[in-house]
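upload-v1.csv, holding CSV, C-alpha atoms:
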chain,number,residue,atom,x,y,z
B,139,MET,CA,0.0,0.0,0.0
B,140,ARG,CA,2.9,2.4,0.7
B,141,ALA,CA,4.2,2.2,-2.9
B,142,ARG,CA,0.7,3.1,-4.2
B,143,ASP,CA,0.5,6.0,-1.8
B,144,GLU,CA,3.9,7.3,-2.9
B,145,GLU,CA,2.9,6.9,-6.6
B,146,LEU,CA,-0.3,8.9,-5.9
B,147,HIS,CA,1.6,11.5,-4.0
B,148,HIS,CA,4.1,11.8,-6.8
B,149,ASP,CA,1.4,12.2,-9.5
B,150,GLU,CA,-0.6,14.7,-7.4
B,151,SER,CA,2.3,16.9,-6.3
B,152,PRO,CA,2.5,20.2,-8.2
B,153,LEU,CA,6.2,19.9,-8.2
B,154,ALA,CA,6.3,16.2,-9.1
B,155,ALA,CA,7.6,17.0,-12.5
B,156,LEU,CA,10.8,18.4,-11.0
B,157,ARG,CA,11.7,15.3,-9.0
B,158,ASP,CA,13.6,13.5,-11.7
B,159,ARG,CA,17.3,14.5,-11.6
B,160,ILE,CA,19.1,15.4,-14.8
B,161,LEU,CA,22.8,14.8,-15.1
B,162,ALA,CA,24.0,18.3,-15.9
B,163,PRO,CA,27.0,17.4,-18.1
B,164,ASP,CA,24.8,15.2,-20.3
B,165,ALA,CA,21.9,17.7,-20.5
B,166,LEU,CA,24.1,20.7,-21.0
B,167,ALA,CA,26.1,19.0,-23.8
B,168,GLU,CA,22.9,18.4,-25.9
B,169,GLY,CA,23.1,20.4,-29.0
B,170,PRO,CA,22.4,22.0,-31.4
B,171,VAL,CA,18.9,22.8,-30.3
B,172,ARG,CA,16.1,25.2,-31.1
B,173,PHE,CA,14.2,26.8,-28.3
B,174,LEU,CA,11.3,29.0,-27.3
B,175,LEU,CA,11.7,31.3,-24.3
B,176,ILE,CA,8.6,31.5,-22.1
B,177,SER,CA,7.9,34.5,-19.9
B,178,GLY,CA,5.2,35.0,-17.3
B,179,ALA,CA,4.5,35.5,-13.6
B,180,ARG,CA,7.3,34.0,-11.6
B,181,ASP,CA,7.1,32.6,-8.0
B,182,ASP,CA,7.6,36.0,-6.5
B,183,GLU,CA,4.8,37.4,-8.8
B,184,THR,CA,7.2,39.5,-10.8
B,185,TRP,CA,7.3,39.1,-14.6
B,186,GLY,CA,10.2,37.3,-16.1
B,187,SER,CA,11.6,34.0,-17.5
B,188,ILE,CA,9.7,30.9,-16.7
B,189,GLY,CA,11.9,28.7,-18.9
B,190,ALA,CA,12.3,27.4,-22.4
B,191,PHE,CA,10.8,24.6,-24.5
B,192,TRP,CA,13.7,23.0,-26.4
B,193,LEU,CA,13.9,20.5,-29.3
B,194,SER,CA,17.0,18.8,-30.7
B,195,ILE,CA,17.6,19.7,-34.4
B,196,ASP,CA,16.6,16.2,-35.5
B,197,GLY,CA,13.3,16.5,-33.5
B,198,THR,CA,13.7,13.4,-31.5
B,199,ARG,CA,14.5,14.9,-28.1
B,200,GLY,CA,13.0,17.8,-26.3
B,201,GLY,CA,11.9,19.2,-23.0
B,202,PHE,CA,11.3,22.2,-20.9
B,203,LEU,CA,14.1,23.9,-18.9
B,204,VAL,CA,12.8,25.6,-15.8
B,205,ALA,CA,14.1,29.0,-14.7
B,206,PRO,CA,15.1,28.8,-11.0
B,207,GLU,CA,12.9,31.8,-10.0
B,208,SER,CA,9.9,30.1,-11.6
B,209,ILE,CA,9.7,26.6,-10.0
B,210,TRP,CA,5.9,26.7,-9.7
B,211,PRO,CA,4.9,27.9,-13.2
B,212,GLY,CA,7.9,26.1,-14.7
B,213,SER,CA,6.7,22.8,-13.1
B,214,GLU,CA,3.3,23.4,-14.7
B,215,MET,CA,4.9,23.6,-18.1
B,216,VAL,CA,6.8,20.4,-17.4
B,217,ARG,CA,3.7,18.7,-16.3
B,218,ASN,CA,2.0,19.9,-19.5
B,219,LEU,CA,4.8,18.4,-21.6
B,220,ARG,CA,4.8,15.1,-19.7
B,221,SER,CA,1.0,14.8,-20.1
B,222,ALA,CA,1.3,15.3,-23.8
B,223,LEU,CA,4.0,12.7,-24.1
B,224,ALA,CA,1.8,10.3,-22.1
B,225,ARG,CA,-1.0,10.8,-24.6
B,226,GLY,CA,1.3,9.9,-27.5
B,227,TRP,CA,2.5,13.3,-28.7
B,228,THR,CA,6.1,13.4,-29.8
B,229,HIS,CA,8.6,16.1,-28.7
B,230,GLU,CA,8.4,17.6,-32.2
B,231,GLN,CA,4.6,17.9,-32.0
B,232,ILE,CA,4.7,19.5,-28.6
B,233,TYR,CA,7.3,22.0,-29.7
B,234,ARG,CA,5.4,22.8,-32.8
B,235,TYR,CA,2.2,23.4,-30.8
B,236,TRP,CA,3.9,25.9,-28.6
B,237,GLN,CA,5.7,27.5,-31.5
B,238,ALA,CA,2.3,28.2,-33.1
B,239,GLN,CA,1.4,30.2,-29.9
B,240,VAL,CA,4.3,32.7,-30.3
B,241,GLY,CA,3.3,36.0,-28.8
B,242,ALA,CA,0.9,36.6,-26.0
B,243,ALA,CA,-0.8,33.3,-25.1
B,244,GLY,CA,-3.1,33.6,-22.1
B,245,SER,CA,-0.9,34.6,-19.1
B,246,ILE,CA,2.4,33.9,-20.8
B,247,MET,CA,4.5,35.4,-23.6
B,248,ILE,CA,6.3,33.1,-26.0
B,249,ASP,CA,9.3,34.5,-27.9
B,250,PRO,CA,10.0,33.4,-31.5
B,251,GLN,CA,12.2,30.4,-32.1
B,252,GLN,CA,15.9,30.7,-31.5
B,253,HIS,CA,18.9,28.4,-32.0
B,254,ALA,CA,21.7,27.4,-29.7
B,255,ASP,CA,24.8,25.3,-30.3
B,256,THR,CA,24.3,23.6,-26.9
B,257,MET,CA,21.8,23.4,-24.0
B,258,PHE,CA,24.4,25.2,-21.9
B,259,GLN,CA,23.5,28.4,-23.9
B,260,VAL,CA,19.8,27.9,-23.3
B,261,ALA,CA,20.4,27.3,-19.6
B,262,ARG,CA,22.3,30.6,-19.4
B,263,ARG,CA,19.4,32.4,-21.2
B,264,VAL,CA,16.8,31.2,-18.6
B,265,GLY,CA,19.1,31.9,-15.7
B,266,ALA,CA,19.6,28.3,-14.7
B,267,LEU,CA,23.4,28.7,-14.6
Could you render the structure from this file as structure tokens?
Amino acid sequence: MRARDEELHHDESPLAALRDRILAPDALAEGPVRFLLISGARDDETWGSIGAFWLSIDGTRGGFLVAPESIWPGSEMVRNLRSALARGWTHEQIYRYWQAQVGAAGSIMIDPQQHADTMFQVARRVGAL
């Protein structure tokens, strides 16, 4: 029963999407990538970077890199991404969906697509380094 409780707690936690650890050297070495910077209300209710959707150039890998000042809204974006993957969407389809929303989209602002040689550059842009 304890394993089931932990599973439910993991799925229900608003920060559950941030529990998986990423090996920084591997993640930061990914590249080249395209990315979309996302801005909105951060944890302290100021406006700024929430993070970035990224996609490998070949379209097979992707994700959302959360800005440290935006754990709550960033985790919501991660949960959105994981939910789409669980429903059978590919990283490319998810990225294209958000790319089509460039500009003001509800309570967030999505910048036009940019390119980076490595994820390290994207992490610097969202303030994760």
Students should find that atom CA of B:Val216 and atom CA of B:Ala167 are spaced 20.4 Å
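One finds atom CA of B:Gln252 at 27.0 Å from atom CA of B:Arg225.
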Report, in Å to a single decimal, how far apart atom CA of B:Gly169 and atom CA of B:Trp185 are. 28.4 Å
Selected residue, from B:Trp210, B:His229, B:Ile246, B:Gly189, that lies nearest to B:Arg262 when counting all atoms listed in the file: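 Among B:Trp210, B:His229, B:Ile246, B:Gly189, it is B:Gly189 that comes nearest to B:Arg262.
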Given the choices B:Arg234, B:Arg172, B:Arg217, B:Arg199, which gets closest to B:Thr256 if the distance is worked out from only C-alpha atoms?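 So, comparing all the options, the nearest one is B:Arg172.
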Within-8 Å shell of (17.6, 29.6, -17.4) in input frame, all atoms listed in the file, as an NGL selection string: :B and (187 or 189-190 or 203-206 or 260-267)
